[in-house]
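Structure file model.pdb with PDB, C-alpha atoms:
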```pdb
ATOM      1  CA  MET A   1     -22.241 -15.164  26.167
ATOM      2  CA  ASN A   2     -19.438 -17.659  26.584
ATOM      3  CA  GLU A   3     -15.747 -16.886  26.060
ATOM      4  CA  THR A   4     -15.466 -18.654  22.685
ATOM      5  CA  ARG A   5     -18.410 -16.753  21.251
ATOM      6  CA  ALA A   6     -17.099 -13.445  22.611
ATOM      7  CA  ARG A   7     -13.680 -14.073  21.062
ATOM      8  CA  HIS A   8     -15.249 -14.641  17.633
ATOM      9  CA  LEU A   9     -17.840 -11.892  17.842
ATOM     10  CA  PHE A  10     -16.399 -10.148  14.785
ATOM     11  CA  ARG A  11     -15.147 -11.948  11.714
ATOM     12  CA  PRO A  12     -11.884 -10.887  10.054
ATOM     13  CA  CYS A  13     -13.894  -9.249   7.256
ATOM     14  CA  THR A  14     -15.473  -6.930   9.811
ATOM     15  CA  TRP A  15     -12.067  -5.814  11.076
ATOM     16  CA  VAL A  16     -10.829  -5.322   7.526
ATOM     17  CA  TYR A  17     -13.915  -3.220   6.814
ATOM     18  CA  VAL A  18     -13.118  -1.045   9.847
ATOM     19  CA  VAL A  19      -9.532  -0.638   8.596
ATOM     20  CA  LEU A  20     -10.817   0.311   5.123
ATOM     21  CA  LEU A  21     -13.144   2.899   6.647
ATOM     22  CA  SER A  22     -10.318   4.286   8.785
ATOM     23  CA  LEU A  23      -7.943   4.605   5.825
ATOM     24  CA  THR A  24     -10.683   6.276   3.798
ATOM     25  CA  PHE A  25     -11.357   8.716   6.645
ATOM     26  CA  ILE A  26      -7.651   9.597   6.918
ATOM     27  CA  THR A  27      -7.522  10.161   3.149
ATOM     28  CA  TRP A  28     -10.575  12.392   3.409
ATOM     29  CA  LEU A  29      -8.933  14.382   6.222
ATOM     30  CA  VAL A  30      -5.830  14.906   4.085
ATOM     31  CA  GLY A  31      -8.001  16.279   1.276
ATOM     32  CA  VAL A  32     -10.232  18.460   3.430
ATOM     33  CA  ASN A  33      -7.266  20.039   5.198
ATOM     34  CA  HIS A  34      -5.530  20.695   1.855
ATOM     35  CA  PHE A  35      -2.337  18.912   2.870
ATOM     36  CA  SER A  36       0.030  18.751  -0.054
ATOM     37  CA  GLY A  37       3.493  17.596  -0.931
ATOM     38  CA  ARG A  38       5.199  14.365  -1.792
ATOM     39  CA  PHE A  39       4.716  12.807   1.624
ATOM     40  CA  PHE A  40       0.943  13.175   1.616
ATOM     41  CA  ALA A  41       0.659  12.178  -2.028
ATOM     42  CA  PHE A  42       2.543   8.942  -1.429
ATOM     43  CA  LEU A  43       0.690   8.370   1.842
ATOM     44  CA  VAL A  44      -2.698   8.559   0.119
ATOM     45  CA  PHE A  45      -1.438   6.455  -2.775
ATOM     46  CA  GLY A  46      -0.033   3.855  -0.378
ATOM     47  CA  PHE A  47      -3.379   3.720   1.387
ATOM     48  CA  ALA A  48      -5.090   3.113  -1.962
ATOM     49  CA  LEU A  49      -2.750   0.222  -2.770
ATOM     50  CA  LEU A  50      -3.171  -1.260   0.703
ATOM     51  CA  LYS A  51      -6.938  -0.984   0.427
ATOM     52  CA  GLY A  52      -6.836  -2.725  -2.957
ATOM     53  CA  GLN A  53      -4.815  -5.586  -1.485
ATOM     54  CA  LEU A  54      -7.165  -5.934   1.501
ATOM     55  CA  ILE A  55     -10.184  -6.004  -0.791
ATOM     56  CA  GLY A  56      -8.551  -8.675  -2.951
ATOM     57  CA  ASP A  57      -7.588 -10.814   0.023
ATOM     58  CA  TYR A  58     -10.718 -10.610   2.132
ATOM     59  CA  PHE A  59     -13.662  -9.565  -0.019
ATOM     60  CA  MET A  60     -12.667 -11.322  -3.249
ATOM     61  CA  GLY A  61     -11.655 -14.398  -1.258
ATOM     62  CA  LEU A  62      -8.094 -14.560  -2.576
ATOM     63  CA  LYS A  63      -6.540 -15.114   0.847
ATOM     64  CA  GLN A  64      -7.529 -18.796   0.794
ATOM     65  CA  VAL A  65      -6.557 -19.395  -2.837
ATOM     66  CA  ALA A  66      -3.362 -21.344  -3.446
ATOM     67  CA  GLY A  67      -1.039 -20.944  -6.369
ATOM     68  CA  PRO A  68      -0.517 -17.984  -8.656
ATOM     69  CA  TRP A  69      -4.113 -16.709  -8.558
ATOM     70  CA  ARG A  70      -3.594 -14.902  -5.290
ATOM     71  CA  TRP A  71      -0.628 -13.052  -6.702
ATOM     72  CA  VAL A  72      -2.464 -11.684  -9.737
ATOM     73  CA  VAL A  73      -4.059  -8.820  -7.802
ATOM     74  CA  PHE A  74      -0.868  -8.173  -5.824
ATOM     75  CA  THR A  75       1.280  -8.090  -8.974
ATOM     76  CA  TRP A  76      -1.159  -5.793 -10.747
ATOM     77  CA  LEU A  77      -1.266  -3.400  -7.771
ATOM     78  CA  LEU A  78       2.509  -3.474  -7.472
ATOM     79  CA  LEU A  79       3.050  -2.811 -11.171
ATOM     80  CA  VAL A  80       0.523   0.021 -11.303
ATOM     81  CA  GLY A  81       1.930   1.421  -8.056
ATOM     82  CA  ILE A  82       5.490   1.448  -9.382
ATOM     83  CA  LEU A  83       4.471   3.049 -12.686
ATOM     84  CA  ILE A  84       2.348   5.778 -11.114
ATOM     85  CA  SER A  85       4.919   6.461  -8.398
ATOM     86  CA  SER A  86       7.769   6.762 -10.866
ATOM     87  CA  ALA A  87       5.744   9.066 -13.128
ATOM     88  CA  PHE A  88       4.739  11.201 -10.153
ATOM     89  CA  TRP A  89       8.290  11.299  -8.809
ATOM     90  CA  GLN A  90       9.616  12.597 -12.131
ATOM     91  CA  THR A  91       7.046  15.371 -12.440
ATOM     92  CA  VAL A  92       7.144  16.752  -8.906
TER      93      VAL A  92
END
```
What do you get writing this file as C-alpha cells?
Amino acid sequence: MNETRARHLFRPCTWVYVVLLSLTFITWLVGVNHFSGRFFAFLVFGFALLKGQLIGDYFMGLKQVAGPWRWVVFTWLLLVGILISSAFWQTV
C-alpha cells in the first residue's frame, strides 16, 4: 500500500460517522449513569445540535453547496437551539 493510498484510507464521511457514534455513546453514558443538572442537559443538547450540523454538512452534502442553501440547516438548528435553551433555562 503506497503512502497516498494509506493517507486517504478513510474518507471524511467515515471520520464524521465515528464522531457521531462517539457523541451518541457519550450521550448514552450520561443517561445510563443518571447524570442530571444544567451542565449535562446543555451538554447533551449541544451534542444533538452538533450532530445535526455534521449530518447536514457531510451526509446531506451541504458542505459543498454555495450560497444560502448551506445556511438553511445551520439557521434552523440555531433557532431551535436558542428557543429550546431559553425555555429550558427559564424552567430549571
For stretch 26-49 of chain A against stretch 70-78 of chain A, with a cut-off of 12 Å and counting all atoms listed in the file, what is the closest atom pair and its distance in Å to one decimal for every residue that makes the cut, ordered by chain and number, as JSON lines?
```
{"residue": "A:Phe45", "atom": "CA", "partner": "A:Leu77", "partner_atom": "CA", "distance": 11.1}
{"residue": "A:Gly46", "atom": "CA", "partner": "A:Leu77", "partner_atom": "CA", "distance": 10.4}
{"residue": "A:Phe47", "atom": "CA", "partner": "A:Leu77", "partner_atom": "CA", "distance": 11.8}
{"residue": "A:Ala48", "atom": "CA", "partner": "A:Leu77", "partner_atom": "CA", "distance": 9.5}
{"residue": "A:Leu49", "atom": "CA", "partner": "A:Leu77", "partner_atom": "CA", "distance": 6.4}
```
A:Gln90 proximity check over A:Phe25, A:Leu43, A:Val19, A:Arg38, using all atoms listed in the file: winner is A:Arg38
Q. Which residues come within 12 Å of A:Gly37, counting only C-alpha atoms, excluding same-chain residues fewer than 4 positions away, as a list in words?
A. Val30, Gly31, Ala41, Phe42, Leu43, Val44, Phe88, Trp89 and Val92 of chain A
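For stretch 59-68 of chain A, the non-local neighbours within 12 Å, defined as residues at least 4 positions apart in the same chain or in other chains and counting only C-alpha atoms, are Pro12, Cys13, Thr14, Trp15, Val16, Tyr17, Leu20, Lys51, Gly52, Gln53, Leu54, Ile55, Val72, Val73, Phe74 and Thr75 of chain A.
The interatomic distance for the pair atom CA of A:Thr91 and atom CA of A:Ser22 works out to 29.6 Å.
Atom CA of A:Leu50 lies 14.8 Å from atom CA of A:Ile84.
Our summary of the geometry notes that atom CA of A:Trp69 is positioned 28.0 Å from atom CA of A:Ala87.
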Incomplete stretch 19-50 of chain A brought to N, CA and C atoms, written out as a CSV table (one decimal), keeping the file's coordinate frame:
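What ended up in out_30.csv:
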```csv
chain,number,residue,atom,x,y,z
A,19,VAL,N,-10.8,-1.2,9.1
A,19,VAL,CA,-9.5,-0.6,8.6
A,19,VAL,C,-9.7,0.2,7.3
A,20,LEU,N,-10.5,-0.4,6.4
A,20,LEU,CA,-10.8,0.3,5.1
A,20,LEU,C,-11.5,1.7,5.4
A,21,LEU,N,-12.5,1.6,6.3
A,21,LEU,CA,-13.1,2.9,6.6
A,21,LEU,C,-12.2,3.9,7.3
A,22,SER,N,-11.3,3.4,8.1
A,22,SER,CA,-10.3,4.3,8.8
A,22,SER,C,-9.4,4.9,7.8
A,23,LEU,N,-8.9,4.1,6.8
A,23,LEU,CA,-7.9,4.6,5.8
A,23,LEU,C,-8.6,5.6,4.9
A,24,THR,N,-9.9,5.3,4.6
A,24,THR,CA,-10.7,6.3,3.8
A,24,THR,C,-10.9,7.6,4.5
A,25,PHE,N,-11.2,7.5,5.8
A,25,PHE,CA,-11.4,8.7,6.6
A,25,PHE,C,-10.1,9.5,6.7
A,26,ILE,N,-8.9,8.9,6.9
A,26,ILE,CA,-7.7,9.6,6.9
A,26,ILE,C,-7.4,10.3,5.6
A,27,THR,N,-7.7,9.6,4.5
A,27,THR,CA,-7.5,10.2,3.1
A,27,THR,C,-8.4,11.4,3.0
A,28,TRP,N,-9.6,11.3,3.5
A,28,TRP,CA,-10.6,12.4,3.4
A,28,TRP,C,-10.0,13.6,4.2
A,29,LEU,N,-9.5,13.3,5.4
A,29,LEU,CA,-8.9,14.4,6.2
A,29,LEU,C,-7.8,15.1,5.5
A,30,VAL,N,-6.9,14.3,4.8
A,30,VAL,CA,-5.8,14.9,4.1
A,30,VAL,C,-6.4,15.9,3.0
A,31,GLY,N,-7.4,15.4,2.3
A,31,GLY,CA,-8.0,16.3,1.3
A,31,GLY,C,-8.7,17.5,1.8
A,32,VAL,N,-9.5,17.3,2.9
A,32,VAL,CA,-10.2,18.5,3.4
A,32,VAL,C,-9.3,19.5,4.0
A,33,ASN,N,-8.2,19.1,4.6
A,33,ASN,CA,-7.3,20.0,5.2
A,33,ASN,C,-6.2,20.6,4.2
A,34,HIS,N,-6.4,20.2,2.9
A,34,HIS,CA,-5.5,20.7,1.9
A,34,HIS,C,-4.0,20.4,2.1
A,35,PHE,N,-3.7,19.3,2.7
A,35,PHE,CA,-2.3,18.9,2.9
A,35,PHE,C,-1.8,18.6,1.5
A,36,SER,N,-0.6,19.0,1.3
A,36,SER,CA,0.0,18.8,-0.1
A,36,SER,C,1.5,18.4,0.1
A,37,GLY,N,2.1,18.0,-1.0
A,37,GLY,CA,3.5,17.6,-0.9
A,37,GLY,C,3.6,16.1,-1.2
A,38,ARG,N,4.9,15.7,-1.4
A,38,ARG,CA,5.2,14.4,-1.8
A,38,ARG,C,4.8,13.4,-0.7
A,39,PHE,N,5.0,13.7,0.5
A,39,PHE,CA,4.7,12.8,1.6
A,39,PHE,C,3.2,12.4,1.6
A,40,PHE,N,2.4,13.4,1.6
A,40,PHE,CA,0.9,13.2,1.6
A,40,PHE,C,0.4,12.5,0.3
A,41,ALA,N,1.0,12.8,-0.8
A,41,ALA,CA,0.7,12.2,-2.0
A,41,ALA,C,1.0,10.7,-2.0
A,42,PHE,N,2.2,10.4,-1.5
A,42,PHE,CA,2.5,8.9,-1.4
A,42,PHE,C,1.8,8.2,-0.3
A,43,LEU,N,1.5,9.0,0.8
A,43,LEU,CA,0.7,8.4,1.8
A,43,LEU,C,-0.7,8.0,1.3
A,44,VAL,N,-1.4,8.9,0.7
A,44,VAL,CA,-2.7,8.6,0.1
A,44,VAL,C,-2.6,7.5,-0.9
A,45,PHE,N,-1.6,7.5,-1.8
A,45,PHE,CA,-1.4,6.5,-2.8
A,45,PHE,C,-1.1,5.1,-2.1
A,46,GLY,N,-0.3,5.1,-1.1
A,46,GLY,CA,0.0,3.9,-0.4
A,46,GLY,C,-1.3,3.3,0.3
A,47,PHE,N,-2.1,4.2,0.8
A,47,PHE,CA,-3.4,3.7,1.4
A,47,PHE,C,-4.3,3.1,0.3
A,48,ALA,N,-4.3,3.7,-0.9
A,48,ALA,CA,-5.1,3.1,-2.0
A,48,ALA,C,-4.6,1.7,-2.4
A,49,LEU,N,-3.3,1.5,-2.4
A,49,LEU,CA,-2.8,0.2,-2.8
A,49,LEU,C,-3.0,-0.8,-1.7
A,50,LEU,N,-2.9,-0.4,-0.4
A,50,LEU,CA,-3.2,-1.3,0.7
A,50,LEU,C,-4.6,-1.7,0.7
```
